[in-house]
Amino acid sequence: MTSTTSSVRRLYANLCAEFGGEDDVRDNLMALESYQALAGSGEARFCEWAYHSTEERCLIRDLCAILRPTDSTRLAKLAGCAEEQLRGLGREAVTRLALIQIGVKEPEIPDRLFDGVANLQDVRNRLLEVIQGRSLITQDPAPNDIGGVAGRCRRAAERLLKVITVFLWDGGYAEAITRVVHEGRHGFRPGPRRLDVHGATLFQYDLGTSNHLLKALNHELRSVRVVVPFLRGHDEVWSQRAFDAMARLGEHLNEALHDGHGRGPIDGPRLLESVDGVLGCVHDQVIRVPRSIRFFRRYEDGQSEDFRHYEGYLDDGKRVRCFEVAERYELHTPYLFLAATNPSAVSMICTPRRAEFLERL
């Protein structure tokens with residue numbers, strides 16, 4: 001929200017002009033329980049109500065409850081919207097446009113990342129359906145056919161690994177990853193490809209390579225005693241349990257997709273067990289998956305010019321608070337986020353959200 005206080009006051013002034021005065025604004029707002037619950041009067045009461053409604057993502061809904069379509073149109077014109085901008089729009093869209101013009105922007109839930117977790121859950125559901133009817137799935141003729149159960153499973157697992165690896169690269173661990181890859185540290189086999197400054201090579205790694213890279217990176221970070229902010233207690237970036245679960249899944253997929261040349265039967269219960277192993281790691285937060293976040297508020301408390309506080313929403317609608325943050329993040333811009341706690345302080349990593357992870361599998 002740009003210049004939050006002044007923009008809310010501008011909204012109040014525009015509503016007063018629309019309704020004919022402060023008393024009329026108050027009388028209309030008294031129809032809302034959220035406004036009735038507040039004490040005071042005039043601009044101060046309105047601002048308290050507007051801030052709360054904005055935070056709860058219900059300002060537009062509440063305004064539409066008291067504004068007729070013609071009221072919304074006049075409010076938008078008062079705010080400076082042109083007639084052609086409003087043509088064909090409904091009341092909610094017109095009200096939203098008016099608020100944006102005034103400088104008030106309601107928080108938005110960011111789009112969910114296509115991180116592979118939901119795809120693994122879909123594979124699990126498909127396997128359950130098949131197992132209930134028969135114990136074997138016949139794979140499609142093409143070994144890497146995306147339409148096949150095993151093919152979809154591999155793509156989902158590889159996406160999950162890439163999201164985590166690239167997030168760590170962007171989150172400040174590019175040098176550690178580079179050491180592991182280029183020097184073959186902790187048992188990782190260095191390949192012919194050198195990592196570029198943007199980490200694009202990481203997108204080319206398959207399931208097994210990414211899994212071993214994360215295991216080696218985990219050892220590298222522990223050996224140099226690097227603190228990873230979003231980890232709690234004795235948590236690890238990539239524990240033995242996480243490595244074993246992904247390795248087991250990779251083994252079962254290799255049997256189906258390569259050893260049988262894609263034409264043999266897939267052992268449904270065995271593959272289901274390995275998928276459950278990975279999903280169990282995600283559920284137990286043994287595998288930490290970054291989430292999309294949008295910050296809607298940034299403020300300072302006067303204690304330090306170098307730090308600021310943020311509030312935002314994750315892609316599941318959960319509200320997040322971050323305190324004493326040195327980095328400056330743009331409001332209403334999607335990022336990737338992981339934190340040890342909520343509210344969080346220094347225990348978080350936030351990185352730009354790469355477009356590659358918005359592509360459907």
# chains A, B, ... in the order shown; residues from 1 in each chain; ligands from 1
$ residues_around --residues "Cys47 (chain A)" --least-positions-apart "4" --cutoff "8 Å" --atoms "only C-alpha atoms" --output "PDB file with N, CA and C atoms, in the first residue's frame"
ATOM      1  N   VAL A   8      -5.719   6.192   2.730  1.00  0.00           N
ATOM      2  CA  VAL A   8      -6.974   5.887   3.413  1.00  0.00           C
ATOM      3  C   VAL A   8      -7.741   7.167   3.701  1.00  0.00           C
ATOM      4  N   ARG A   9      -7.037   8.211   4.066  1.00  0.00           N
ATOM      5  CA  ARG A   9      -7.713   9.485   4.297  1.00  0.00           C
ATOM      6  C   ARG A   9      -8.290  10.058   3.010  1.00  0.00           C
ATOM      7  N   TYR A  12     -11.501   8.360   2.458  1.00  0.00           N
ATOM      8  CA  TYR A  12     -12.538   8.930   3.320  1.00  0.00           C
ATOM      9  C   TYR A  12     -13.067  10.242   2.735  1.00  0.00           C
ATOM     10  N   GLU A  43     -13.194  10.714  10.848  1.00  0.00           N
ATOM     11  CA  GLU A  43     -12.089  10.140  10.075  1.00  0.00           C
ATOM     12  C   GLU A  43     -11.324   9.074  10.849  1.00  0.00           C
ATOM     13  N   TYR A  51      -8.372   0.190   7.775  1.00  0.00           N
ATOM     14  CA  TYR A  51      -7.139  -0.573   7.942  1.00  0.00           C
ATOM     15  C   TYR A  51      -7.443  -2.039   8.244  1.00  0.00           C
TER      16      TYR A  51
END
$ residues_around --residues "Leu11 (chain A)" --least-positions-apart "4" --cutoff "7 Å" --atoms "only C-alpha atoms" --output "ChimeraX atom specification"
/A:7,15,102
$ write_last_selection --atoms "C-alpha atoms" --output "mmCIF file, in the first residue's frame"
data_model
loop_
_atom_site.group_PDB
_atom_site.id
_atom_site.type_symbol
_atom_site.label_atom_id
_atom_site.label_comp_id
_atom_site.auth_asym_id
_atom_site.auth_seq_id
_atom_site.Cartn_x
_atom_site.Cartn_y
_atom_site.Cartn_z
ATOM 1 C CA SER A 7 -4.391 7.039 0.860
ATOM 2 C CA LEU A 15 -16.619 8.993 0.208
ATOM 3 C CA ILE A 102 -6.773 6.539 -4.710
#
$ atom_distance --atom1 "CA of Thr73 (chain A)" --atom2 "CA of Ile60 (chain A)"
13.8 Å
$ closest_atom_pairs --of "region 73-181 of chain A" --to "region 297-304 of chain A" --cutoff "12 Å" --atoms "only C-alpha atoms" --output "tab-separated table"
residue	atom	partner	partner_atom	distance
A:Val104	CA	A:Arg297	CA	11.3
A:Lys105	CA	A:Arg297	CA	10.2
A:Glu106	CA	A:Arg297	CA	10.3
A:Pro107	CA	A:Arg297	CA	8.8
A:Glu108	CA	A:Arg297	CA	11.8
$ residues_around --residues "Asn211 (chain A)" --least-positions-apart "4" --cutoff "9 Å" --atoms "only C-alpha atoms" --output "ChimeraX atom specification"
/A:158,161,206-207,215-216,238,242-243,246-247
$ closest_residue --among "A:Ala340, A:Asp27, A:Ile100, A:Phe203" --to "Arg10 (chain A)" --atoms "only C-alpha atoms"
A:Ile100
$ closest_atom_pairs --of "region 171-242 of chain A" --to "region 271-286 of chain A" --cutoff "10 Å" --atoms "only C-alpha atoms" --output "Markdown table"
| residue | atom | partner | partner_atom | distance |
| --- | --- | --- | --- | --- |
| A:Leu231 | CA | A:Gln285 | CA | 9.8 |
| A:Asp235 | CA | A:Val286 | CA | 7.5 |
| A:Glu236 | CA | A:Val286 | CA | 7.8 |
| A:Val237 | CA | A:Val286 | CA | 8.4 |
| A:Trp238 | CA | A:Val286 | CA | 7.7 |
| A:Ser239 | CA | A:Val286 | CA | 7.2 |
| A:Gln240 | CA | A:Val286 | CA | 9.6 |
| A:Arg241 | CA | A:Val286 | CA | 7.6 |
| A:Ala242 | CA | A:Cys281 | CA | 6.4 |
$ closest_residue --among "A:Lys77, A:Arg112, A:Arg57, A:Arg87" --to "Pro290 (chain A)" --atoms "only C-alpha atoms"
A:Arg112
$ select_by_dssp --residues "region 197-352 of chain A" --states "alpha helix (DSSP H)" --output "ChimeraX atom specification"
/A:207-223,240-254,268-283
$ residues_around --residues "Ser292 (chain A)" --least-positions-apart "2" --cutoff "8 Å" --atoms "only C-alpha atoms" --output "VMD selection string"
chain A and resid 110 to 113 290 294 314 to 315 334 to 337 353
$ write_last_selection --atoms "N, CA and C atoms" --output "short mmCIF file (atom, residue, chain, number, x, y, z; two decimals), in the first residue's frame"
data_model
loop_
_atom_site.label_atom_id
_atom_site.label_comp_id
_atom_site.auth_asym_id
_atom_site.auth_seq_id
_atom_site.Cartn_x
_atom_site.Cartn_y
_atom_site.Cartn_z
N PRO A 110 -1.17 -14.73 -3.40
CA PRO A 110 -0.37 -15.04 -4.58
C PRO A 110 -0.74 -16.39 -5.19
N ASP A 111 -0.47 -16.53 -6.46
CA ASP A 111 -0.70 -17.81 -7.13
C ASP A 111 0.19 -18.88 -6.50
N ARG A 112 -0.35 -20.07 -6.41
CA ARG A 112 0.43 -21.18 -5.86
C ARG A 112 1.50 -21.60 -6.86
N LEU A 113 2.61 -21.96 -6.30
CA LEU A 113 3.72 -22.45 -7.09
C LEU A 113 3.41 -23.87 -7.57
N PRO A 290 9.38 -24.11 -0.23
CA PRO A 290 9.08 -22.67 -0.19
C PRO A 290 7.67 -22.39 -0.71
N ARG A 294 3.00 -12.60 -0.86
CA ARG A 294 2.91 -11.20 -1.26
C ARG A 294 2.85 -10.36 0.01
N LEU A 314 0.52 -15.77 2.49
CA LEU A 314 1.03 -16.91 1.74
C LEU A 314 -0.03 -17.38 0.74
N ASP A 315 0.37 -18.29 -0.12
CA ASP A 315 -0.55 -18.77 -1.16
C ASP A 315 -1.70 -19.60 -0.63
N PRO A 334 4.98 -10.96 -5.90
CA PRO A 334 5.16 -12.32 -5.39
C PRO A 334 6.63 -12.68 -5.20
N TYR A 335 6.91 -13.34 -4.07
CA TYR A 335 8.23 -13.86 -3.76
C TYR A 335 8.08 -15.32 -3.32
N LEU A 336 9.22 -16.00 -3.17
CA LEU A 336 9.24 -17.31 -2.53
C LEU A 336 9.73 -17.12 -1.10
N PHE A 337 9.17 -17.91 -0.17
CA PHE A 337 9.37 -17.61 1.24
C PHE A 337 9.42 -18.89 2.05
N ARG A 353 10.54 -14.86 -7.22
CA ARG A 353 9.86 -16.06 -7.70
C ARG A 353 10.14 -16.24 -9.18
#
$ residues_around --residues "region 184-191 of chain A" --least-positions-apart "5" --cutoff "7 Å" --atoms "only C-alpha atoms" --output "number ranges by chain"
A: 212-213, 216, 219
$ write_last_selection --atoms "C-alpha atoms" --output "PDB file, in the first residue's frame"
ATOM      1  CA  HIS A 212      22.620 -36.214  -4.347  1.00  0.00           C
ATOM      2  CA  LEU A 213      23.366 -32.497  -4.748  1.00  0.00           C
ATOM      3  CA  ALA A 216      26.095 -33.028  -0.430  1.00  0.00           C
ATOM      4  CA  HIS A 219      26.966 -31.842   4.500  1.00  0.00           C
TER       5      HIS A 219
END
$ residues_around --residues "Phe357 (chain A)" --least-positions-apart "3" --cutoff "10 Å" --atoms "only C-alpha atoms" --output "list in words"
Arg112, Leu113, Phe114, Asp115, Gly116, Arg159, Leu160, Lys162, Val163, Arg353, Arg354, Arg360 and Leu361 of chain A
$ residues_around --residues "Glu48 (chain A)" --least-positions-apart "3" --cutoff "12 Å" --atoms "only C-alpha atoms" --output "list in words"
Thr4, Thr5, Val8, Arg9, Tyr12, Ser34, Tyr35, Gln36, Ala37, Leu38, Ala39, Gly40, Ser41, Gly42, Glu43, Ala44, Arg45, Tyr51, His52, Ser53, Thr54, Glu55 and Leu59 of chain A
